[in-house]
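Below is final.cif, holding mmCIF, C-alpha atoms (C1' of nucleotides).
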```cif
data_run
#
loop_
_atom_site.label_atom_id
_atom_site.label_comp_id
_atom_site.auth_asym_id
_atom_site.auth_seq_id
_atom_site.Cartn_x
_atom_site.Cartn_y
_atom_site.Cartn_z
CA MET A 1461 117.66 59.86 114.78
CA GLN A 1462 114.05 58.88 114.20
CA ARG A 1463 112.49 57.50 117.38
CA ASP A 1464 109.64 55.08 117.63
CA THR A 1465 107.18 56.81 119.90
CA GLN A 1466 103.77 55.83 121.19
CA GLN A 1467 102.30 58.75 119.29
CA ARG A 1468 103.73 57.71 115.95
CA ARG A 1469 102.71 54.10 116.46
CA ALA A 1470 99.19 55.21 117.31
CA ILE A 1471 99.00 57.42 114.21
CA ARG A 1472 100.36 54.76 111.87
CA ARG A 1473 98.02 52.21 113.34
CA ALA A 1474 94.99 54.49 113.03
CA ILE A 1475 95.66 54.84 109.32
CA GLU A 1476 96.37 51.15 108.81
CA ASP A 1477 93.20 50.16 110.60
CA ALA A 1478 91.05 52.52 108.57
CA ASP A 1479 89.93 51.24 105.19
CA ARG A 1480 89.48 54.75 103.93
CA PRO A 1481 91.44 58.02 103.78
CA LEU A 1482 91.37 60.01 107.00
CA SER A 1483 91.53 63.71 107.67
CA PRO A 1484 93.99 65.00 110.27
CA HIS A 1485 91.19 65.27 112.80
CA GLU A 1486 89.94 61.79 112.03
CA VAL A 1487 93.49 60.57 112.56
CA LEU A 1488 93.64 62.43 115.85
CA ASP A 1489 90.38 60.93 117.08
CA ALA A 1490 91.28 57.41 116.01
CA ALA A 1491 94.84 57.55 117.33
CA ARG A 1492 93.75 58.86 120.71
CA ALA A 1493 92.17 55.48 121.32
CA HIS A 1494 95.71 54.12 121.57
CA CYS A 1495 97.48 57.19 122.88
CA GLN A 1496 95.40 59.48 125.02
CA GLY A 1497 96.57 63.04 125.21
CA LEU A 1498 97.87 62.99 121.65
CA GLY A 1499 98.02 66.50 120.23
CA ILE A 1500 96.99 67.78 116.84
CA ALA A 1501 100.44 69.24 116.24
CA THR A 1502 101.97 65.78 116.45
CA VAL A 1503 99.39 64.48 114.02
CA TYR A 1504 100.27 67.15 111.46
CA ARG A 1505 104.00 66.66 111.99
CA THR A 1506 103.74 62.91 111.63
CA LEU A 1507 101.49 63.00 108.60
CA LYS A 1508 103.85 65.40 106.91
CA ALA A 1509 106.83 63.15 107.62
CA LEU A 1510 104.99 60.07 106.40
CA VAL A 1511 104.07 61.84 103.19
CA ALA A 1512 107.71 62.89 102.74
CA ASP A 1513 108.72 59.25 103.26
CA GLU A 1514 106.10 58.27 100.70
CA ALA A 1515 104.42 56.02 103.20
CA LEU A 1516 101.27 58.12 102.90
CA ALA A 1517 99.60 59.93 100.06
CA GLN A 1518 97.51 63.06 100.29
CA VAL A 1519 94.01 62.66 98.92
CA GLU A 1520 92.81 66.04 97.71
CA LEU A 1521 89.10 66.54 97.29
CA PRO A 1522 87.19 69.53 95.97
CA GLY A 1523 86.62 72.11 98.67
CA GLU A 1524 87.91 69.86 101.42
CA PRO A 1525 91.00 69.59 103.57
CA PRO A 1526 93.17 66.69 102.43
CA ARG A 1527 92.77 63.14 103.64
CA TYR A 1528 95.62 60.68 104.02
CA GLU A 1529 95.90 57.08 102.94
CA ALA A 1530 98.65 54.48 102.68
CA THR A 1531 100.63 54.46 99.46
CA GLY A 1532 101.11 51.39 97.33
CA LYS A 1533 97.45 50.73 96.68
CA ARG A 1534 96.16 50.00 93.27
CA HIS A 1535 94.89 52.95 91.26
CA HIS A 1536 91.51 53.89 92.64
CA HIS A 1537 89.10 56.73 93.27
CA HIS A 1538 86.90 57.94 96.09
CA PHE A 1539 83.34 58.33 97.26
CA HIS A 1540 82.49 61.29 99.46
CA CYS A 1541 79.44 60.84 101.66
CA ARG A 1542 77.50 64.08 101.89
CA ALA A 1543 75.87 63.04 105.15
CA CYS A 1544 78.79 61.91 107.33
CA ASP A 1545 81.57 63.55 105.32
CA ARG A 1546 83.59 60.35 105.28
CA VAL A 1547 85.55 59.40 102.21
CA TYR A 1548 85.62 55.81 100.94
CA GLU A 1549 87.82 54.01 98.48
CA LEU A 1550 86.39 52.77 95.22
CA ASP A 1551 87.77 50.02 93.07
CA GLY A 1552 88.14 50.52 89.40
CA CYS A 1553 88.19 53.41 87.06
CA PRO A 1554 85.77 54.74 84.47
CA GLU A 1555 86.36 54.27 80.76
CA GLY A 1556 86.82 56.86 78.11
CA LEU A 1557 88.82 59.50 79.97
CA ARG A 1558 91.34 59.90 77.22
CA HIS A 1559 88.45 60.39 74.87
CA LEU A 1560 87.48 63.58 76.79
CA THR A 1561 90.87 65.23 76.35
CA PRO A 1562 90.86 68.01 73.76
CA VAL A 1563 93.17 67.81 70.77
CA GLY A 1564 96.60 69.16 71.62
CA PHE A 1565 96.19 68.64 75.35
CA ALA A 1566 98.52 66.18 77.12
CA LEU A 1567 96.68 64.04 79.66
CA GLU A 1568 98.84 63.07 82.62
CA SER A 1569 96.44 61.93 85.32
CA HIS A 1570 92.89 62.21 86.51
CA GLU A 1571 90.65 62.26 89.55
CA VAL A 1572 87.15 60.95 89.92
CA VAL A 1573 85.02 61.69 92.96
CA LEU A 1574 81.55 60.28 93.48
CA TYR A 1575 79.12 61.97 95.83
CA GLY A 1576 76.10 60.64 97.63
CA ARG A 1577 75.28 58.62 100.72
CA CYS A 1578 77.35 55.81 102.08
CA ALA A 1579 75.71 52.56 103.13
CA ALA A 1580 75.55 53.69 106.76
CA CYS A 1581 73.85 56.97 105.86
CA ALA A 1582 71.66 55.84 102.94
CA SER A 1583 69.18 53.92 105.08
CA MET B 62 67.54 98.40 94.14
CA GLN B 63 70.29 96.61 92.23
CA ARG B 64 72.35 99.11 90.26
CA ASP B 65 74.10 98.46 87.03
CA THR B 66 77.64 99.61 87.66
CA GLN B 67 80.73 99.61 85.49
CA GLN B 68 82.32 97.15 87.86
CA ARG B 69 79.52 94.62 87.60
CA ARG B 70 79.38 94.94 83.84
CA ALA B 71 83.12 94.38 83.62
CA ILE B 72 82.93 91.31 85.85
CA ARG B 73 80.02 89.77 83.98
CA ARG B 74 81.71 90.43 80.71
CA ALA B 75 85.01 88.92 81.84
CA ILE B 76 83.23 85.70 82.65
CA GLU B 77 81.18 85.71 79.47
CA ASP B 78 84.24 86.29 77.33
CA ALA B 79 86.19 83.48 78.96
CA ASP B 80 85.50 80.02 77.62
CA ARG B 81 86.64 78.47 80.86
CA PRO B 82 85.98 78.84 84.60
CA LEU B 83 87.87 81.72 86.22
CA SER B 84 89.22 82.18 89.71
CA PRO B 85 88.43 85.42 91.56
CA HIS B 86 91.88 86.75 90.69
CA GLU B 87 91.51 85.77 87.06
CA VAL B 88 88.19 87.61 87.06
CA LEU B 89 89.88 90.62 88.62
CA ASP B 90 92.65 90.67 86.03
CA ALA B 91 90.30 90.20 83.12
CA ALA B 92 87.71 92.69 84.34
CA ARG B 93 90.31 95.37 84.98
CA ALA B 94 90.76 95.57 81.23
CA HIS B 95 87.31 97.16 81.12
CA CYS B 96 87.27 98.82 84.52
CA GLN B 97 90.64 99.93 85.80
CA GLY B 98 90.89 100.34 89.54
CA LEU B 99 88.46 97.50 90.18
CA GLY B 100 89.01 96.03 93.63
CA ILE B 101 89.10 92.42 94.70
CA ALA B 102 86.38 93.02 97.30
CA THR B 103 83.98 93.97 94.55
CA VAL B 104 84.89 90.86 92.61
CA TYR B 105 84.12 88.64 95.60
CA ARG B 106 80.91 90.52 96.36
CA THR B 107 79.73 90.30 92.78
CA LEU B 108 80.64 86.66 92.33
CA LYS B 109 78.78 85.81 95.50
CA ALA B 110 75.70 87.66 94.35
CA LEU B 111 75.82 86.03 90.92
CA VAL B 112 76.08 82.61 92.51
CA ALA B 113 73.12 83.45 94.74
CA ASP B 114 71.18 84.49 91.62
CA GLU B 115 72.21 81.21 90.02
CA ALA B 116 73.80 83.07 87.15
CA LEU B 117 77.16 81.54 88.08
CA ALA B 118 78.22 78.18 89.42
CA GLN B 119 81.18 77.49 91.64
CA VAL B 120 83.61 74.98 90.20
CA GLU B 121 85.38 73.25 93.07
CA LEU B 122 88.66 71.53 92.30
CA PRO B 123 90.90 69.47 94.57
CA GLY B 124 93.22 71.65 96.58
CA GLU B 125 92.27 74.79 94.71
CA PRO B 126 90.21 77.89 95.34
CA PRO B 127 86.93 77.73 93.43
CA ARG B 128 86.52 78.90 89.89
CA TYR B 129 83.33 80.42 88.50
CA GLU B 130 81.48 79.70 85.29
CA ALA B 131 78.11 80.58 83.81
CA THR B 132 75.25 78.28 84.69
CA GLY B 133 73.05 76.60 82.15
CA LYS B 134 75.75 74.69 80.35
CA ARG B 135 75.42 71.06 79.54
CA HIS B 136 76.85 68.60 82.05
CA HIS B 137 80.62 68.64 81.67
CA HIS B 138 83.92 68.25 83.46
CA HIS B 139 87.24 70.06 83.61
CA PHE B 140 90.87 69.87 82.66
CA HIS B 141 93.40 71.48 84.97
CA CYS B 142 96.69 72.47 83.34
CA ARG B 143 99.56 71.83 85.71
CA ALA B 144 101.76 74.36 83.93
CA CYS B 145 99.59 77.47 83.71
CA ASP B 146 97.02 76.51 86.34
CA ARG B 147 94.17 77.33 84.02
CA VAL B 148 91.04 75.22 84.03
CA TYR B 149 89.31 74.24 80.80
CA GLU B 150 85.93 72.81 80.05
CA LEU B 151 85.59 69.33 78.66
CA ASP B 152 82.67 67.92 76.74
CA GLY B 153 81.26 64.59 77.63
CA CYS B 154 81.39 62.31 80.56
CA PRO B 155 83.07 58.95 81.18
CA GLU B 156 81.13 55.70 81.26
CA GLY B 157 80.71 53.27 84.08
CA LEU B 158 80.54 55.58 87.05
CA ARG B 159 77.54 53.86 88.53
CA HIS B 160 79.44 50.63 88.19
CA LEU B 161 82.07 51.94 90.66
CA THR B 162 79.57 52.63 93.41
CA PRO B 163 79.67 50.05 96.21
CA VAL B 164 76.57 48.08 97.06
CA GLY B 165 74.34 50.00 99.46
CA PHE B 166 75.78 53.39 98.51
CA ALA B 167 73.51 55.96 96.90
CA LEU B 168 75.20 57.81 94.06
CA GLU B 169 73.99 61.39 93.65
CA SER B 170 76.60 63.14 91.55
CA HIS B 171 80.20 63.02 90.47
CA GLU B 172 83.21 65.07 89.49
CA VAL B 173 85.92 64.23 87.02
CA VAL B 174 89.09 66.28 86.73
CA LEU B 175 91.79 65.62 84.18
CA TYR B 176 95.32 66.87 84.75
CA GLY B 177 98.11 67.56 82.33
CA ARG B 178 99.21 70.24 79.92
CA CYS B 179 96.92 72.38 77.89
CA ALA B 180 97.59 72.96 74.22
CA ALA B 181 99.40 76.23 74.93
CA CYS B 182 101.69 74.60 77.51
CA ALA B 183 102.19 71.17 75.91
CA SER B 184 104.44 72.38 73.09
"C1'" DC C 849 71.49 119.22 87.88
"C1'" DG C 850 70.53 117.93 93.05
"C1'" DC C 851 69.58 114.27 96.16
"C1'" DT C 852 69.15 109.75 98.07
"C1'" DT C 853 70.91 105.40 98.38
"C1'" DT C 854 73.66 101.81 96.68
"C1'" DT C 855 78.19 100.57 95.53
"C1'" DT C 856 82.98 100.79 95.72
"C1'" DG C 857 88.02 100.26 97.15
"C1'" DA C 858 91.63 100.12 100.53
"C1'" DG C 859 92.82 98.10 104.22
"C1'" DA C 860 91.68 95.78 108.45
"C1'" DT C 861 89.66 91.62 110.04
"C1'" DT C 862 88.10 86.97 110.21
"C1'" DG C 863 88.13 81.94 109.94
"C1'" DG C 864 90.02 77.63 109.41
"C1'" DA C 865 93.89 74.86 108.44
"C1'" DT C 866 98.59 74.32 109.22
"C1'" DT C 867 103.13 75.41 111.24
"C1'" DA C 868 106.42 77.33 114.69
"C1'" DT C 869 107.92 78.00 119.50
"C1'" DC C 870 109.70 76.22 123.55
"C1'" DA C 871 109.58 74.20 128.07
"C1'" DT C 872 108.74 69.52 129.34
"C1'" DT C 873 108.66 64.56 128.46
"C1'" DA C 874 110.40 60.29 127.02
"C1'" DA C 875 113.37 57.21 123.56
"C1'" DG C 876 117.04 54.62 123.50
"C1'" DC C 877 122.07 54.13 124.19
"C1'" DC C 878 125.43 53.28 127.86
"C1'" DG D 798 119.15 53.85 136.24
"C1'" DG D 799 121.61 58.13 134.23
"C1'" DC D 800 122.20 60.93 130.14
"C1'" DT D 801 121.69 62.96 125.65
"C1'" DT D 802 118.75 64.42 122.34
"C1'" DA D 803 114.59 63.84 119.62
"C1'" DA D 804 109.73 64.28 120.22
"C1'" DT D 805 105.68 66.11 122.29
"C1'" DG D 806 101.74 69.26 123.50
"C1'" DA D 807 99.79 73.71 124.42
"C1'" DT D 808 99.45 77.70 122.43
"C1'" DA D 809 100.98 81.41 119.68
"C1'" DA D 810 101.89 82.58 115.08
"C1'" DT D 811 101.24 82.24 110.19
"C1'" DC D 812 98.92 81.77 105.86
"C1'" DC D 813 95.57 82.80 102.58
"C1'" DA D 814 91.08 83.10 100.90
"C1'" DA D 815 87.19 85.56 101.85
"C1'" DT D 816 84.59 89.07 104.36
"C1'" DC D 817 83.84 93.37 106.83
"C1'" DT D 818 84.29 98.49 107.65
"C1'" DC D 819 83.48 102.93 106.35
"C1'" DA D 820 84.47 107.17 104.03
"C1'" DA D 821 84.17 108.47 99.31
"C1'" DA D 822 82.23 107.81 94.68
"C1'" DA D 823 78.60 107.16 91.43
"C1'" DA D 824 73.68 105.27 89.91
"C1'" DG D 825 69.65 106.78 88.72
"C1'" DC D 826 65.35 109.10 89.98
"C1'" DG D 827 62.85 113.48 89.74
#
```
Can you dump the structure from the file as structure tokens?
Amino acid sequence: MQRDTQQRRAIRRAIEDADRPLSPHEVLDAARAHCQGLGIATVYRTLKALVADEALAQVELPGEPPRYEATGKRHHHHFHCRACDRVYELDGCPEGLRHLTPVGFALESHEVVLYGRCAACAS
Amino acid sequence: MQRDTQQRRAIRRAIEDADRPLSPHEVLDAARAHCQGLGIATVYRTLKALVADEALAQVELPGEPPRYEATGKRHHHHFHCRACDRVYELDGCPEGLRHLTPVGFALESHEVVLYGRCAACAS
DNA sequence: CGCTTTTTGAGATTGGATTATCATTAAGCC
DNA sequence: GGCTTAATGATAATCCAATCTCAAAAAGCG
């Protein structure tokens, strides 16, 4: 039976409270505010279970460990800040992707990642 | 002094002959056609040196080891075939990327990756 | 061809992320 | 509050890409 533990509540809450996808270590740091002593193993276990339950989605980025965000959001993309390494959500989607697909290729999905400085780091 | 060895020729040629970015193992397989016995260590060493010389660029893709392609090409993006795992070059670039950037964020670059089936795998 | 020095290949090693182990802790039912 | 069992945390183990080690091979100069 699946128990409702302090650790799991803290992890779920850390992700809910963030408005951006978090890495396992970001989850650990944020969740420790509500559950001191939380271990990284529990973070990985819980993230994995939440992904299996489809409560979370893995956000894969080039050359980076995955981040995690709640499922059920509208289609969106991400901005990766080169200075603080945080990843932000972007609304919307560029036009003309289908136009890029070569003849004979079947387009199923796409990823767009913008790079630069977030508002906090751009100043 | 930098020597011109069979191994390096085979590696450079494998990349030249491919019209798409290759992973280290793809380079190994392709280059072995011209240099049997070639080792993976030499592939990694040579790729690293070619990147340092700016003859090659690393192509980073979400959740994947990097691929390598010749530098000096026009700005472009990539198509990742889910069936054969090969990566193809795409011409062109979608519109409206700057439009996605939140206020206060400084956009420096971007990546676009399309996913689906390549012509060989779509049939 | 000799000789020097770079390069190579096999296999060991590293590094970083993730997972497994297992004794201890704590949910949650009575 | 007891009791059963799932969950936890520290740490060891694993995984896999990439790098290092070092004896042996080969570039390339004279």
Inset, instruction - Let me know the residues the PyMOL selection byres ((chain D) within 8 of (chain B)) catches in the file above, as a PyMOL selection string. - result: chain D and resi 814-815+824
Legend entry - Two-atom distance - atom C1' of C:DC851, atom C1' of D:DA822 (Å):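 Computed distance, atom C1' of C:DC851 to atom C1' of D:DA822, equals 14.3 Å.
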Where does chain B end up after superposition onto chain A over all in-order Cα pairs? Give it as a PDB file with C-alpha atoms, in the coordinates of the input.
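Just written: result-v4.pdb:
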```
ATOM      1  CA  MET B  62     117.713  59.543 114.833  1.00  0.00           C
ATOM      2  CA  GLN B  63     114.034  58.793 114.273  1.00  0.00           C
ATOM      3  CA  ARG B  64     112.457  57.531 117.482  1.00  0.00           C
ATOM      4  CA  ASP B  65     109.604  55.141 117.740  1.00  0.00           C
ATOM      5  CA  THR B  66     107.143  56.894 120.002  1.00  0.00           C
ATOM      6  CA  GLN B  67     103.714  55.927 121.252  1.00  0.00           C
ATOM      7  CA  GLN B  68     102.262  58.822 119.326  1.00  0.00           C
ATOM      8  CA  ARG B  69     103.715  57.740 116.005  1.00  0.00           C
ATOM      9  CA  ARG B  70     102.672  54.151 116.549  1.00  0.00           C
ATOM     10  CA  ALA B  71      99.141  55.264 117.352  1.00  0.00           C
ATOM     11  CA  ILE B  72      98.976  57.444 114.244  1.00  0.00           C
ATOM     12  CA  ARG B  73     100.328  54.766 111.935  1.00  0.00           C
ATOM     13  CA  ARG B  74      97.979  52.251 113.399  1.00  0.00           C
ATOM     14  CA  ALA B  75      94.953  54.525 113.054  1.00  0.00           C
ATOM     15  CA  ILE B  76      95.637  54.833 109.362  1.00  0.00           C
ATOM     16  CA  GLU B  77      96.345  51.145 108.904  1.00  0.00           C
ATOM     17  CA  ASP B  78      93.158  50.166 110.683  1.00  0.00           C
ATOM     18  CA  ALA B  79      91.017  52.509 108.614  1.00  0.00           C
ATOM     19  CA  ASP B  80      89.935  51.190 105.247  1.00  0.00           C
ATOM     20  CA  ARG B  81      89.494  54.699 103.945  1.00  0.00           C
ATOM     21  CA  PRO B  82      91.471  57.957 103.767  1.00  0.00           C
ATOM     22  CA  LEU B  83      91.397  59.982 106.990  1.00  0.00           C
ATOM     23  CA  SER B  84      91.570  63.695 107.618  1.00  0.00           C
ATOM     24  CA  PRO B  85      94.037  64.992 110.222  1.00  0.00           C
ATOM     25  CA  HIS B  86      91.208  65.300 112.738  1.00  0.00           C
ATOM     26  CA  GLU B  87      89.949  61.820 111.978  1.00  0.00           C
ATOM     27  CA  VAL B  88      93.493  60.581 112.535  1.00  0.00           C
ATOM     28  CA  LEU B  89      93.619  62.474 115.814  1.00  0.00           C
ATOM     29  CA  ASP B  90      90.344  61.000 117.032  1.00  0.00           C
ATOM     30  CA  ALA B  91      91.235  57.485 115.999  1.00  0.00           C
ATOM     31  CA  ALA B  92      94.789  57.609 117.322  1.00  0.00           C
ATOM     32  CA  ARG B  93      93.692  58.970 120.683  1.00  0.00           C
ATOM     33  CA  ALA B  94      92.096  55.601 121.321  1.00  0.00           C
ATOM     34  CA  HIS B  95      95.628  54.226 121.608  1.00  0.00           C
ATOM     35  CA  CYS B  96      97.407  57.315 122.877  1.00  0.00           C
ATOM     36  CA  GLN B  97      95.301  59.621 124.992  1.00  0.00           C
ATOM     37  CA  GLY B  98      96.500  63.192 125.169  1.00  0.00           C
ATOM     38  CA  LEU B  99      97.826  63.097 121.618  1.00  0.00           C
ATOM     39  CA  GLY B 100      97.999  66.595 120.168  1.00  0.00           C
ATOM     40  CA  ILE B 101      97.003  67.811 116.745  1.00  0.00           C
ATOM     41  CA  ALA B 102     100.469  69.279 116.151  1.00  0.00           C
ATOM     42  CA  THR B 103     101.962  65.825 116.414  1.00  0.00           C
ATOM     43  CA  VAL B 104      99.407  64.479 113.980  1.00  0.00           C
ATOM     44  CA  TYR B 105     100.306  67.128 111.405  1.00  0.00           C
ATOM     45  CA  ARG B 106     104.027  66.637 111.978  1.00  0.00           C
ATOM     46  CA  THR B 107     103.760  62.886 111.640  1.00  0.00           C
ATOM     47  CA  LEU B 108     101.523  62.963 108.595  1.00  0.00           C
ATOM     48  CA  LYS B 109     103.919  65.335 106.903  1.00  0.00           C
ATOM     49  CA  ALA B 110     106.867  63.100 107.643  1.00  0.00           C
ATOM     50  CA  LEU B 111     105.019  60.010 106.432  1.00  0.00           C
ATOM     51  CA  VAL B 112     104.120  61.763 103.206  1.00  0.00           C
ATOM     52  CA  ALA B 113     107.754  62.789 102.780  1.00  0.00           C
ATOM     53  CA  ASP B 114     108.752  59.143 103.317  1.00  0.00           C
ATOM     54  CA  GLU B 115     106.147  58.165 100.740  1.00  0.00           C
ATOM     55  CA  ALA B 116     104.447  55.929 103.257  1.00  0.00           C
ATOM     56  CA  LEU B 117     101.294  58.038 102.931  1.00  0.00           C
ATOM     57  CA  ALA B 118      99.634  59.830 100.060  1.00  0.00           C
ATOM     58  CA  GLN B 119      97.566  62.967 100.277  1.00  0.00           C
ATOM     59  CA  VAL B 120      94.069  62.583  98.896  1.00  0.00           C
ATOM     60  CA  GLU B 121      92.890  65.972  97.675  1.00  0.00           C
ATOM     61  CA  LEU B 122      89.161  66.469  97.277  1.00  0.00           C
ATOM     62  CA  PRO B 123      87.251  69.474  95.959  1.00  0.00           C
ATOM     63  CA  GLY B 124      86.686  72.048  98.648  1.00  0.00           C
ATOM     64  CA  GLU B 125      87.992  69.808 101.394  1.00  0.00           C
ATOM     65  CA  PRO B 126      91.100  69.531 103.518  1.00  0.00           C
ATOM     66  CA  PRO B 127      93.251  66.617 102.371  1.00  0.00           C
ATOM     67  CA  ARG B 128      92.820  63.098 103.597  1.00  0.00           C
ATOM     68  CA  TYR B 129      95.665  60.618 104.010  1.00  0.00           C
ATOM     69  CA  GLU B 130      95.930  57.007 102.942  1.00  0.00           C
ATOM     70  CA  ALA B 131      98.674  54.413 102.701  1.00  0.00           C
ATOM     71  CA  THR B 132     100.649  54.367  99.485  1.00  0.00           C
ATOM     72  CA  GLY B 133     101.106  51.313  97.346  1.00  0.00           C
ATOM     73  CA  LYS B 134      97.464  50.654  96.648  1.00  0.00           C
ATOM     74  CA  ARG B 135      96.189  49.965  93.207  1.00  0.00           C
ATOM     75  CA  HIS B 136      94.924  52.936  91.214  1.00  0.00           C
ATOM     76  CA  HIS B 137      91.525  53.878  92.599  1.00  0.00           C
ATOM     77  CA  HIS B 138      89.121  56.715  93.249  1.00  0.00           C
ATOM     78  CA  HIS B 139      86.922  57.909  96.088  1.00  0.00           C
ATOM     79  CA  PHE B 140      83.370  58.281  97.254  1.00  0.00           C
ATOM     80  CA  HIS B 141      82.523  61.238  99.461  1.00  0.00           C
ATOM     81  CA  CYS B 142      79.455  60.795 101.663  1.00  0.00           C
ATOM     82  CA  ARG B 143      77.533  64.039 101.884  1.00  0.00           C
ATOM     83  CA  ALA B 144      75.910  63.002 105.154  1.00  0.00           C
ATOM     84  CA  CYS B 145      78.828  61.889 107.316  1.00  0.00           C
ATOM     85  CA  ASP B 146      81.620  63.516 105.316  1.00  0.00           C
ATOM     86  CA  ARG B 147      83.605  60.317 105.266  1.00  0.00           C
ATOM     87  CA  VAL B 148      85.586  59.353 102.201  1.00  0.00           C
ATOM     88  CA  TYR B 149      85.647  55.778 100.934  1.00  0.00           C
ATOM     89  CA  GLU B 150      87.829  53.981  98.476  1.00  0.00           C
ATOM     90  CA  LEU B 151      86.418  52.738  95.217  1.00  0.00           C
ATOM     91  CA  ASP B 152      87.809  50.002  93.030  1.00  0.00           C
ATOM     92  CA  GLY B 153      88.158  50.518  89.358  1.00  0.00           C
ATOM     93  CA  CYS B 154      88.232  53.425  87.046  1.00  0.00           C
ATOM     94  CA  PRO B 155      85.788  54.756  84.448  1.00  0.00           C
ATOM     95  CA  GLU B 156      86.352  54.326  80.729  1.00  0.00           C
ATOM     96  CA  GLY B 157      86.814  56.947  78.093  1.00  0.00           C
ATOM     97  CA  LEU B 158      88.791  59.555  79.957  1.00  0.00           C
ATOM     98  CA  ARG B 159      91.297  59.994  77.187  1.00  0.00           C
ATOM     99  CA  HIS B 160      88.381  60.494  74.862  1.00  0.00           C
ATOM    100  CA  LEU B 161      87.394  63.651  76.811  1.00  0.00           C
ATOM    101  CA  THR B 162      90.751  65.330  76.366  1.00  0.00           C
ATOM    102  CA  PRO B 163      90.701  68.119  73.773  1.00  0.00           C
ATOM    103  CA  VAL B 164      92.991  67.946  70.784  1.00  0.00           C
ATOM    104  CA  GLY B 165      96.430  69.329  71.608  1.00  0.00           C
ATOM    105  CA  PHE B 166      96.055  68.763  75.351  1.00  0.00           C
ATOM    106  CA  ALA B 167      98.397  66.341  77.083  1.00  0.00           C
ATOM    107  CA  LEU B 168      96.616  64.169  79.623  1.00  0.00           C
ATOM    108  CA  GLU B 169      98.800  63.185  82.575  1.00  0.00           C
ATOM    109  CA  SER B 170      96.434  62.029  85.285  1.00  0.00           C
ATOM    110  CA  HIS B 171      92.889  62.266  86.517  1.00  0.00           C
ATOM    111  CA  GLU B 172      90.661  62.282  89.560  1.00  0.00           C
ATOM    112  CA  VAL B 173      87.163  60.945  89.916  1.00  0.00           C
ATOM    113  CA  VAL B 174      85.031  61.663  92.961  1.00  0.00           C
ATOM    114  CA  LEU B 175      81.578  60.239  93.489  1.00  0.00           C
ATOM    115  CA  TYR B 176      79.141  61.928  95.846  1.00  0.00           C
ATOM    116  CA  GLY B 177      76.133  60.587  97.655  1.00  0.00           C
ATOM    117  CA  ARG B 178      75.306  58.573 100.730  1.00  0.00           C
ATOM    118  CA  CYS B 179      77.370  55.771 102.086  1.00  0.00           C
ATOM    119  CA  ALA B 180      75.745  52.534 103.149  1.00  0.00           C
ATOM    120  CA  ALA B 181      75.569  53.658 106.779  1.00  0.00           C
ATOM    121  CA  CYS B 182      73.874  56.949 105.857  1.00  0.00           C
ATOM    122  CA  ALA B 183      71.677  55.796 102.954  1.00  0.00           C
ATOM    123  CA  SER B 184      69.188  53.868 105.091  1.00  0.00           C
TER     124      SER B 184
END
```
Inset, instruction - Translate the PyMOL selection byres ((chain D and resi 821) around 10), as applied to the file shown, into an explicit residue set as a ChimeraX atom specification. - result: /C:856-857 /D:819-820,822-823
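Atom C1' of C:DG859 to atom CA of B:Leu99 spans 14.7 Å [interatomic distance, one decimal].
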Run the PyMOL selection byres ((chain D and resi 804) around 9) against the file shown and list the residues it catches, as a short mmCIF file (atom, residue, chain, number, x, y, z; two decimals) with C-alpha atoms (C1' of nucleotides), keeping the file's coordinate frame.
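And here is the file that came out, selection15.cif:
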```cif
data_model
loop_
_atom_site.label_atom_id
_atom_site.label_comp_id
_atom_site.auth_asym_id
_atom_site.auth_seq_id
_atom_site.Cartn_x
_atom_site.Cartn_y
_atom_site.Cartn_z
CA ARG A 1463 112.49 57.50 117.38
CA THR A 1465 107.18 56.81 119.90
CA THR A 1502 101.97 65.78 116.45
"C1'" DT C 873 108.66 64.56 128.46
"C1'" DA C 874 110.40 60.29 127.02
"C1'" DA C 875 113.37 57.21 123.56
"C1'" DA D 803 114.59 63.84 119.62
"C1'" DT D 805 105.68 66.11 122.29
#
```
Determine, using only C-alpha atoms (C1' of nucleotides), which residues of chain C have any atom at most 12 Å from an atom of chain A, and tabulate each with its shortest atom pair and distance in Å to one decimal place, rows ordered by chain and then rising number, as JSON lines.
```
{"residue": "C:DG864", "atom": "C1'", "partner": "A:Pro1525", "partner_atom": "CA", "distance": 10.0}
{"residue": "C:DA865", "atom": "C1'", "partner": "A:Pro1525", "partner_atom": "CA", "distance": 7.7}
{"residue": "C:DT866", "atom": "C1'", "partner": "A:Tyr1504", "partner_atom": "CA", "distance": 7.7}
{"residue": "C:DT867", "atom": "C1'", "partner": "A:Ala1501", "partner_atom": "CA", "distance": 8.4}
{"residue": "C:DA868", "atom": "C1'", "partner": "A:Ala1501", "partner_atom": "CA", "distance": 10.2}
{"residue": "C:DT869", "atom": "C1'", "partner": "A:Ala1501", "partner_atom": "CA", "distance": 12.0}
{"residue": "C:DT873", "atom": "C1'", "partner": "A:Thr1465", "partner_atom": "CA", "distance": 11.6}
{"residue": "C:DA874", "atom": "C1'", "partner": "A:Thr1465", "partner_atom": "CA", "distance": 8.6}
{"residue": "C:DA875", "atom": "C1'", "partner": "A:Arg1463", "partner_atom": "CA", "distance": 6.2}
{"residue": "C:DG876", "atom": "C1'", "partner": "A:Arg1463", "partner_atom": "CA", "distance": 8.2}
{"residue": "C:DC877", "atom": "C1'", "partner": "A:Met1461", "partner_atom": "CA", "distance": 11.9}
```
Inset, instruction - Have a look at B:Asp146, B:Gly133, B:Asp90, B:Arg69 and name the one nearest to B:Leu108; count all atoms listed in the file. - result: B:Arg69
Legend entry - Computed interatomic separation between atom CA of A:Cys1544 and atom CA of B:Asp114 (Å): 28.5 Å
